[in-house]
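**Q** File follows, final_29.tsv with TSV, C-alpha atoms:
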chain	number	residue	atom	x	y	z
E	1	MET	CA	16.34	21.66	41.25
E	2	ILE	CA	15.26	23.45	38.08
E	3	GLU	CA	18.00	25.00	36.00
E	4	ILE	CA	18.15	26.49	32.51
E	5	LYS	CA	21.47	26.09	30.74
E	6	LYS	CA	22.08	28.76	28.12
E	7	TYR	CA	24.22	28.00	25.06
E	8	ASN	CA	25.37	30.75	22.73
E	9	SER	CA	28.38	31.02	20.41
E	10	ILE	CA	30.64	31.71	23.41
E	11	THR	CA	29.32	29.15	25.88
E	12	THR	CA	28.62	26.30	23.46
E	13	GLU	CA	30.33	22.99	24.18
E	14	TYR	CA	32.30	20.50	22.12
E	15	GLN	CA	29.94	17.88	20.66
E	16	LEU	CA	26.89	19.63	22.10
E	17	SER	CA	24.46	17.94	19.72
E	18	LYS	CA	25.82	14.50	20.61
E	19	LYS	CA	25.44	15.22	24.32
E	20	LEU	CA	21.90	16.51	23.84
E	21	LEU	CA	20.85	13.59	21.69
E	22	GLU	CA	22.17	11.18	24.30
E	23	SER	CA	20.37	12.95	27.14
E	24	LEU	CA	16.97	13.56	25.53
E	25	GLU	CA	14.33	10.96	24.76
E	26	LEU	CA	13.27	11.31	21.14
E	27	SER	CA	10.02	10.10	19.55
E	28	ASP	CA	9.51	6.38	18.95
E	29	LEU	CA	8.41	6.77	15.33
E	30	LEU	CA	11.52	6.43	13.17
E	31	GLU	CA	10.68	9.24	10.76
E	32	GLN	CA	9.87	11.69	13.57
E	33	LYS	CA	12.96	10.59	15.48
E	34	HIS	CA	15.08	11.28	12.40
E	35	ARG	CA	13.54	14.77	12.01
E	36	GLU	CA	14.21	15.57	15.66
E	37	THR	CA	17.82	14.42	15.29
E	38	LEU	CA	18.32	16.62	12.21
E	39	PHE	CA	16.77	19.62	13.96
E	40	ILE	CA	18.88	19.24	17.11
E	41	LYS	CA	22.10	18.85	15.10
E	42	ASP	CA	21.20	21.90	13.00
E	43	ILE	CA	20.31	24.04	16.03
E	44	CYS	CA	23.68	23.26	17.62
E	45	LYS	CA	25.44	24.41	14.43
E	46	ARG	CA	23.36	27.60	14.48
E	47	VAL	CA	24.39	28.23	18.08
E	48	GLU	CA	28.07	28.10	17.04
E	49	LYS	CA	27.37	30.65	14.27
E	50	SER	CA	25.48	33.08	16.58
E	51	LYS	CA	22.32	32.47	14.60
E	52	THR	CA	20.35	31.26	17.60
E	53	VAL	CA	20.65	30.92	21.36
E	54	LEU	CA	19.67	27.64	22.95
E	55	TYR	CA	18.11	27.17	26.40
E	56	VAL	CA	18.07	23.66	27.86
E	57	LEU	CA	15.69	23.06	30.75
E	58	LYS	CA	17.01	20.68	33.41
E	59	LYS	CA	15.47	19.06	36.46
E	60	ASP	CA	18.04	17.61	38.84
E	61	ASN	CA	20.51	17.49	35.96
E	62	GLU	CA	18.10	15.64	33.66
E	63	ASN	CA	17.23	17.42	30.41
E	64	LEU	CA	13.47	18.00	30.12
E	65	GLY	CA	13.46	19.97	26.90
E	66	LEU	CA	14.94	22.86	25.00
E	67	ILE	CA	14.06	26.01	23.12
E	68	SER	CA	16.12	28.16	20.76
E	69	ILE	CA	15.46	31.75	19.77
E	70	SER	CA	16.71	34.36	17.35
E	71	ALA	CA	15.91	37.85	16.08
E	72	THR	CA	13.71	38.35	13.03
E	73	SER	CA	10.96	40.60	11.67
E	74	ILE	CA	7.49	40.07	10.39
E	75	GLU	CA	6.86	42.66	7.69
E	76	ASP	CA	8.47	45.73	9.34
E	77	PHE	CA	7.77	44.66	12.92
E	78	PRO	CA	10.75	43.48	14.96
E	79	ALA	CA	10.14	40.06	16.42
E	80	LEU	CA	11.69	37.30	18.42
E	81	GLN	CA	11.52	33.96	16.64
E	82	ILE	CA	11.27	30.56	18.26
E	83	ASP	CA	13.52	28.49	16.00
E	84	PHE	CA	12.97	25.17	17.74
E	85	LEU	CA	11.15	23.78	20.75
E	86	PHE	CA	11.56	20.21	21.89
E	87	VAL	CA	10.32	18.29	24.92
E	88	SER	CA	11.84	14.95	25.90
E	89	LYS	CA	9.31	12.21	25.18
E	90	LYS	CA	8.79	11.11	28.78
E	91	TYR	CA	7.83	14.66	29.80
E	92	ARG	CA	5.45	15.49	26.94
E	93	GLY	CA	2.05	16.56	28.25
E	94	LEU	CA	3.12	16.23	31.88
E	95	VAL	CA	2.41	19.01	34.36
E	96	LEU	CA	5.34	19.22	36.75
E	97	GLU	CA	5.11	20.62	40.25
E	98	GLU	CA	8.74	21.74	39.98
E	99	LEU	CA	7.76	23.93	37.00
E	100	ASP	CA	5.08	25.81	38.96
E	101	ASN	CA	2.52	23.24	37.83
E	102	VAL	CA	2.84	23.82	34.10
E	103	LYS	CA	4.00	21.59	31.26
E	104	THR	CA	7.60	21.75	30.03
E	105	SER	CA	6.54	23.37	26.74
E	106	GLU	CA	4.52	26.03	28.58
E	107	TYR	CA	7.44	26.77	30.89
E	108	LEU	CA	9.81	27.16	27.94
E	109	ILE	CA	7.39	29.49	26.10
E	110	GLU	CA	6.98	31.59	29.25
E	111	LEU	CA	10.76	31.74	29.58
E	112	VAL	CA	10.90	33.17	26.07
E	113	ILE	CA	8.16	35.69	26.87
E	114	SER	CA	10.17	36.81	29.89
E	115	ILE	CA	13.33	37.16	27.77
E	116	ALA	CA	11.36	39.07	25.11
E	117	LYS	CA	10.02	41.52	27.67
E	118	ASP	CA	13.55	42.12	28.96
E	119	ILE	CA	14.78	42.80	25.41
E	120	GLN	CA	11.78	45.06	24.76
E	121	GLU	CA	12.97	47.43	27.50
E	122	ASN	CA	16.12	48.14	25.47
E	123	ILE	CA	15.31	47.65	21.79
E	124	GLY	CA	12.16	47.59	19.71
E	125	LEU	CA	10.32	44.28	19.82
E	126	LYS	CA	6.67	43.67	19.12
E	127	TYR	CA	5.99	39.97	18.60
E	128	ILE	CA	7.11	36.45	19.33
E	129	VAL	CA	6.68	34.33	16.20
E	130	LEU	CA	7.03	30.71	15.21
E	131	LEU	CA	6.13	28.31	12.44
E	132	PRO	CA	4.84	24.95	13.71
E	133	ASP	CA	6.38	21.89	12.08
E	134	ASN	CA	2.97	20.24	11.64
E	135	LYS	CA	-0.77	20.61	12.27
E	136	ASP	CA	-0.65	18.79	15.61
E	137	LEU	CA	1.88	21.31	16.91
E	138	GLU	CA	-0.28	24.17	15.64
E	139	LYS	CA	-3.04	22.99	18.00
E	140	ILE	CA	-0.59	22.83	20.88
E	141	TYR	CA	0.70	26.35	20.20
E	142	LYS	CA	-2.89	27.64	20.12
E	143	GLU	CA	-3.30	26.22	23.61
E	144	LEU	CA	-0.10	28.08	24.53
E	145	ASN	CA	-1.76	31.37	23.49
E	146	PHE	CA	-0.29	31.74	20.00
E	147	ASN	CA	-2.51	33.30	17.32
E	148	LYS	CA	-2.52	32.01	13.76
E	149	LEU	CA	-1.53	34.73	11.29
E	150	ASN	CA	-2.46	33.16	7.96
E	151	LYS	CA	-2.59	29.99	5.91
E	152	THR	CA	1.21	29.76	5.71
E	153	GLY	CA	1.07	28.61	9.32
E	154	TRP	CA	2.97	31.42	11.03
E	155	MET	CA	1.78	32.09	14.57
E	156	PHE	CA	2.44	34.97	16.93
E	157	ILE	CA	2.03	36.44	20.39
E	158	SER	CA	1.86	40.21	20.86
E	159	ILE	CA	4.08	41.43	23.66
R	1	MET	CA	9.64	26.63	14.65
R	2	ALA	CA	11.05	28.41	11.68
R	3	LEU	CA	12.93	25.39	10.49
R	4	SER	CA	11.70	22.70	8.18
R	5	ILE	CA	13.12	19.63	6.50
R	6	LYS	CA	13.33	19.21	2.76
R	7	ASN	CA	15.18	16.37	1.02
R	8	ASP	CA	16.60	15.31	4.38
R	9	LYS	CA	18.13	18.73	5.00
R	10	VAL	CA	17.10	21.42	7.47
R	11	ILE	CA	15.97	24.60	5.76
R	12	THR	CA	15.13	28.02	7.18
R	13	ILE	CA	11.75	29.61	6.57
R	14	VAL	CA	11.56	33.33	7.27
R	15	PRO	CA	8.42	35.14	8.41
R	16	PRO	CA	6.45	36.92	5.67
R	17	LYS	CA	7.86	40.28	4.60
R	18	LYS	CA	4.64	41.37	2.94
R	19	LEU	CA	1.26	40.95	4.58
R	20	SER	CA	-2.22	41.41	3.18
R	21	SER	CA	-4.27	44.15	4.82
R	22	ASN	CA	-6.28	41.51	6.67
R	23	GLU	CA	-3.15	39.83	7.98
R	24	ARG	CA	-1.67	43.16	9.02
R	25	ASP	CA	-4.89	44.13	10.80
R	26	LYS	CA	-4.88	40.86	12.65
R	27	LEU	CA	-1.26	41.32	13.67
R	28	VAL	CA	-1.71	44.92	14.80
R	29	ASN	CA	-5.08	44.50	16.49
R	30	THR	CA	-4.39	41.37	18.48
R	31	PRO	CA	-4.18	42.59	22.06
R	32	VAL	CA	-1.31	41.84	24.38
R	33	ASN	CA	-2.27	38.99	26.70
R	34	THR	CA	-1.40	40.83	29.91
R	35	LYS	CA	-2.33	37.88	32.11
R	36	LEU	CA	0.09	35.62	30.23
R	37	ILE	CA	2.86	38.25	30.23
R	38	LYS	CA	2.42	38.81	33.96
R	39	LYS	CA	2.52	35.08	34.66
R	40	ALA	CA	5.64	34.63	32.52
R	41	THR	CA	7.55	37.61	33.89
R	42	SER	CA	6.69	37.11	37.55
R	43	ARG	CA	8.59	33.82	37.67
R	44	LYS	CA	12.29	33.76	38.51
R	45	TYR	CA	14.22	31.66	35.96
R	46	ASN	CA	17.43	30.01	37.07
R	47	ILE	CA	19.50	30.62	33.91
R	48	VAL	CA	23.12	29.51	34.11
Since I need it in another form, could you write the structure as structure tokens?
**A**
Amino acid sequence: MIEIKKYNSITTEYQLSKKLLESLELSDLLEQKHRETLFIKDICKRVEKSKTVLYVLKKDNENLGLISISATSIEDFPALQIDFLFVSKKYRGLVLEELDNVKTSEYLIELVISIAKDIQENIGLKYIVLLPDNKDLEKIYKELNFNKLNKTGWMFISI
Amino acid sequence: MALSIKNDKVITIVPPKKLSSNERDKLVNTPVNTKLIKKATSRKYNIV
């Protein structure tokens, strides 16, 4: 069964980052593994401070990946920002029947689009934005329909 | 992501507050991908 567990400043759990790090498969490369650990720990702190809301995607109680979002603006346009997206190593690139035959990353992005459209009914919102951590991710986000804004690397989807 | 790592610490990078006219044109004139929006919003997400 597919389930998305939402963590905000009210619903966050004691030692959330530890639990997530134990339940997700990080990259093999030591440097990348260290970066992922730092990001996940930082995101959990941001959740406590109401700076971001974290969504953890689960299949039969196993964590597939996560995405965290917050409010921002690009110039004077209100936007929803993807702070962090992570897919457990064993599920990277895999299309899952349980996710309507899309990859975990695609499912998480579409979840965010759905949330953004809900928000847009009540308050002004024009874009979903993110800044890829590296060039490889930029290519992946292009495949996920993000447009590159400029050389700084920021990418966006109009909603 | 809007987070990066510098000197082993996570830092926040905010979106640009000032765009060139070309960047602004690109932002404003990029059409909404209705097919993608429809696909994303037609699914029921089991959020708990």
**Q** Report as a PyMOL selection string the set of chain E residues whose atoms approach chain R to within 8 Å, with distances computed over only C-alpha atoms.
**A** chain E and resi 2-6+35+38-39+42+72-76+81-85+110-111+113-114+117+130-133+149-150+154+157-159
**Q** Would you write out those residues with C-alpha atoms, as a compact mmCIF listing (two decimals), in the frame of the given file?
**A**
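Saved result, out_25.txt, follows:
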# COMPACT_ATOMS: atom_id res chain seq x y z
CA ILE E 2 15.26 23.45 38.08
CA GLU E 3 18.00 25.00 36.00
CA ILE E 4 18.15 26.49 32.51
CA LYS E 5 21.47 26.09 30.74
CA LYS E 6 22.08 28.76 28.12
CA ARG E 35 13.54 14.77 12.01
CA LEU E 38 18.32 16.62 12.21
CA PHE E 39 16.77 19.62 13.96
CA ASP E 42 21.20 21.90 13.00
CA THR E 72 13.71 38.35 13.03
CA SER E 73 10.96 40.60 11.67
CA ILE E 74 7.49 40.07 10.39
CA GLU E 75 6.86 42.66 7.69
CA ASP E 76 8.47 45.73 9.34
CA GLN E 81 11.52 33.96 16.64
CA ILE E 82 11.27 30.56 18.26
CA ASP E 83 13.52 28.49 16.00
CA PHE E 84 12.97 25.17 17.74
CA LEU E 85 11.15 23.78 20.75
CA GLU E 110 6.98 31.59 29.25
CA LEU E 111 10.76 31.74 29.58
CA ILE E 113 8.16 35.69 26.87
CA SER E 114 10.17 36.81 29.89
CA LYS E 117 10.02 41.52 27.67
CA LEU E 130 7.03 30.71 15.21
CA LEU E 131 6.13 28.31 12.44
CA PRO E 132 4.84 24.95 13.71
CA ASP E 133 6.38 21.89 12.08
CA LEU E 149 -1.53 34.73 11.29
CA ASN E 150 -2.46 33.16 7.96
CA TRP E 154 2.97 31.42 11.03
CA ILE E 157 2.03 36.44 20.39
CA SER E 158 1.86 40.21 20.86
CA ILE E 159 4.08 41.43 23.66
**Q** How many Å separate atom CA of Lys90 of chain E from atom CA of Asn147 of chain E?
**A**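 We find that atom CA of Lys90 of chain E and atom CA of Asn147 of chain E lie 27.4 Å from each other.
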**Q** What would the list of residues within 12 Å of (3.0, 26.4, 26.7) (file frame) look like as an MDAnalysis selection string, if only C-alpha atoms are what count?
**A** (chainID E and resid 67 85:87 92:95 99 101:113 137:146 157) or (chainID R and resid 36 39:40)
**Q** Which distance in Å separates atom CA of Asn8 of chain E and atom CA of Glu22 of chain E, to one decimal?
**A**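 Calculated distance between atom CA of Asn8 of chain E and atom CA of Glu22 of chain E is 19.9 Å.
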**Q** Using atom CA of Thr152 of chain E and atom CA of Leu125 of chain E as the two end points, give the distance in Å to one decimal.
**A**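 Going from atom CA of Thr152 of chain E over to atom CA of Leu125 of chain E, I get 22.2 Å.
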**Q** Pick the closest to Lys126 of chain E from E:Phe156, E:Phe77, E:Tyr14, E:Tyr55: which is it, counting only C-alpha atoms?
**A**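 Closest residue, counting only C-alpha atoms: E:Phe77.
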**Q** Output as a PDB file, keeping the file's coordinate frame: segment 15-42 of chain R, completed with N, CA and C atoms.
**A**
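Below is the file rebuild21.pdb, written as the result:
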ATOM      1  N   PRO R  15       9.789  34.612   8.320  1.00  0.00           N
ATOM      2  CA  PRO R  15       8.420  35.140   8.410  1.00  0.00           C
ATOM      3  C   PRO R  15       8.097  36.001   7.183  1.00  0.00           C
ATOM      4  N   PRO R  16       6.818  36.147   6.864  1.00  0.00           N
ATOM      5  CA  PRO R  16       6.450  36.920   5.670  1.00  0.00           C
ATOM      6  C   PRO R  16       6.892  38.378   5.757  1.00  0.00           C
ATOM      7  N   LYS R  17       7.406  38.887   4.646  1.00  0.00           N
ATOM      8  CA  LYS R  17       7.860  40.280   4.600  1.00  0.00           C
ATOM      9  C   LYS R  17       6.780  41.201   4.052  1.00  0.00           C
ATOM     10  N   LYS R  18       5.765  40.589   3.458  1.00  0.00           N
ATOM     11  CA  LYS R  18       4.640  41.370   2.940  1.00  0.00           C
ATOM     12  C   LYS R  18       3.350  40.704   3.408  1.00  0.00           C
ATOM     13  N   LEU R  19       2.523  41.488   4.074  1.00  0.00           N
ATOM     14  CA  LEU R  19       1.260  40.950   4.580  1.00  0.00           C
ATOM     15  C   LEU R  19       0.095  41.577   3.828  1.00  0.00           C
ATOM     16  N   SER R  20      -0.986  40.827   3.731  1.00  0.00           N
ATOM     17  CA  SER R  20      -2.220  41.410   3.180  1.00  0.00           C
ATOM     18  C   SER R  20      -2.773  42.366   4.236  1.00  0.00           C
ATOM     19  N   SER R  21      -3.718  43.196   3.837  1.00  0.00           N
ATOM     20  CA  SER R  21      -4.270  44.150   4.820  1.00  0.00           C
ATOM     21  C   SER R  21      -4.975  43.416   5.952  1.00  0.00           C
ATOM     22  N   ASN R  22      -5.620  42.296   5.621  1.00  0.00           N
ATOM     23  CA  ASN R  22      -6.280  41.510   6.670  1.00  0.00           C
ATOM     24  C   ASN R  22      -5.276  40.937   7.666  1.00  0.00           C
ATOM     25  N   GLU R  23      -4.179  40.422   7.113  1.00  0.00           N
ATOM     26  CA  GLU R  23      -3.150  39.830   7.980  1.00  0.00           C
ATOM     27  C   GLU R  23      -2.523  40.918   8.869  1.00  0.00           C
ATOM     28  N   ARG R  24      -2.271  42.062   8.259  1.00  0.00           N
ATOM     29  CA  ARG R  24      -1.670  43.160   9.020  1.00  0.00           C
ATOM     30  C   ARG R  24      -2.625  43.641  10.127  1.00  0.00           C
ATOM     31  N   ASP R  25      -3.900  43.724   9.784  1.00  0.00           N
ATOM     32  CA  ASP R  25      -4.890  44.130  10.800  1.00  0.00           C
ATOM     33  C   ASP R  25      -4.910  43.144  11.957  1.00  0.00           C
ATOM     34  N   LYS R  26      -4.856  41.887  11.608  1.00  0.00           N
ATOM     35  CA  LYS R  26      -4.880  40.860  12.650  1.00  0.00           C
ATOM     36  C   LYS R  26      -3.655  40.989  13.559  1.00  0.00           C
ATOM     37  N   LEU R  27      -2.516  41.193  12.917  1.00  0.00           N
ATOM     38  CA  LEU R  27      -1.260  41.320  13.670  1.00  0.00           C
ATOM     39  C   LEU R  27      -1.306  42.536  14.607  1.00  0.00           C
ATOM     40  N   VAL R  28      -1.735  43.650  14.053  1.00  0.00           N
ATOM     41  CA  VAL R  28      -1.710  44.920  14.800  1.00  0.00           C
ATOM     42  C   VAL R  28      -2.796  44.960  15.874  1.00  0.00           C
ATOM     43  N   ASN R  29      -3.940  44.358  15.572  1.00  0.00           N
ATOM     44  CA  ASN R  29      -5.080  44.500  16.490  1.00  0.00           C
ATOM     45  C   ASN R  29      -5.203  43.388  17.527  1.00  0.00           C
ATOM     46  N   THR R  30      -4.339  42.402  17.450  1.00  0.00           N
ATOM     47  CA  THR R  30      -4.390  41.370  18.480  1.00  0.00           C
ATOM     48  C   THR R  30      -3.833  41.935  19.782  1.00  0.00           C
ATOM     49  N   PRO R  31      -4.640  41.946  20.818  1.00  0.00           N
ATOM     50  CA  PRO R  31      -4.180  42.590  22.060  1.00  0.00           C
ATOM     51  C   PRO R  31      -3.079  41.788  22.764  1.00  0.00           C
ATOM     52  N   VAL R  32      -2.323  42.503  23.553  1.00  0.00           N
ATOM     53  CA  VAL R  32      -1.310  41.840  24.380  1.00  0.00           C
ATOM     54  C   VAL R  32      -2.048  41.069  25.474  1.00  0.00           C
ATOM     55  N   ASN R  33      -1.658  39.819  25.652  1.00  0.00           N
ATOM     56  CA  ASN R  33      -2.270  38.990  26.700  1.00  0.00           C
ATOM     57  C   ASN R  33      -1.553  39.314  28.013  1.00  0.00           C
ATOM     58  N   THR R  34      -2.087  40.312  28.707  1.00  0.00           N
ATOM     59  CA  THR R  34      -1.400  40.830  29.910  1.00  0.00           C
ATOM     60  C   THR R  34      -1.302  39.768  31.019  1.00  0.00           C
ATOM     61  N   LYS R  35      -2.329  38.927  31.081  1.00  0.00           N
ATOM     62  CA  LYS R  35      -2.330  37.880  32.110  1.00  0.00           C
ATOM     63  C   LYS R  35      -1.157  36.910  31.874  1.00  0.00           C
ATOM     64  N   LEU R  36      -0.993  36.538  30.594  1.00  0.00           N
ATOM     65  CA  LEU R  36       0.090  35.620  30.230  1.00  0.00           C
ATOM     66  C   LEU R  36       1.465  36.277  30.468  1.00  0.00           C
ATOM     67  N   ILE R  37       1.586  37.534  30.060  1.00  0.00           N
ATOM     68  CA  ILE R  37       2.860  38.250  30.230  1.00  0.00           C
ATOM     69  C   ILE R  37       3.199  38.351  31.726  1.00  0.00           C
ATOM     70  N   LYS R  38       2.194  38.672  32.515  1.00  0.00           N
ATOM     71  CA  LYS R  38       2.420  38.810  33.960  1.00  0.00           C
ATOM     72  C   LYS R  38       2.857  37.471  34.563  1.00  0.00           C
ATOM     73  N   LYS R  39       2.173  36.413  34.147  1.00  0.00           N
ATOM     74  CA  LYS R  39       2.520  35.080  34.660  1.00  0.00           C
ATOM     75  C   LYS R  39       3.958  34.719  34.285  1.00  0.00           C
ATOM     76  N   ALA R  40       4.305  35.004  33.014  1.00  0.00           N
ATOM     77  CA  ALA R  40       5.640  34.630  32.520  1.00  0.00           C
ATOM     78  C   ALA R  40       6.744  35.451  33.175  1.00  0.00           C
ATOM     79  N   THR R  41       6.481  36.720  33.391  1.00  0.00           N
ATOM     80  CA  THR R  41       7.550  37.610  33.890  1.00  0.00           C
ATOM     81  C   THR R  41       7.639  37.623  35.410  1.00  0.00           C
ATOM     82  N   SER R  42       6.631  37.092  36.084  1.00  0.00           N
ATOM     83  CA  SER R  42       6.690  37.110  37.550  1.00  0.00           C
ATOM     84  C   SER R  42       7.503  35.928  38.105  1.00  0.00           C
TER      85      SER R  42
END
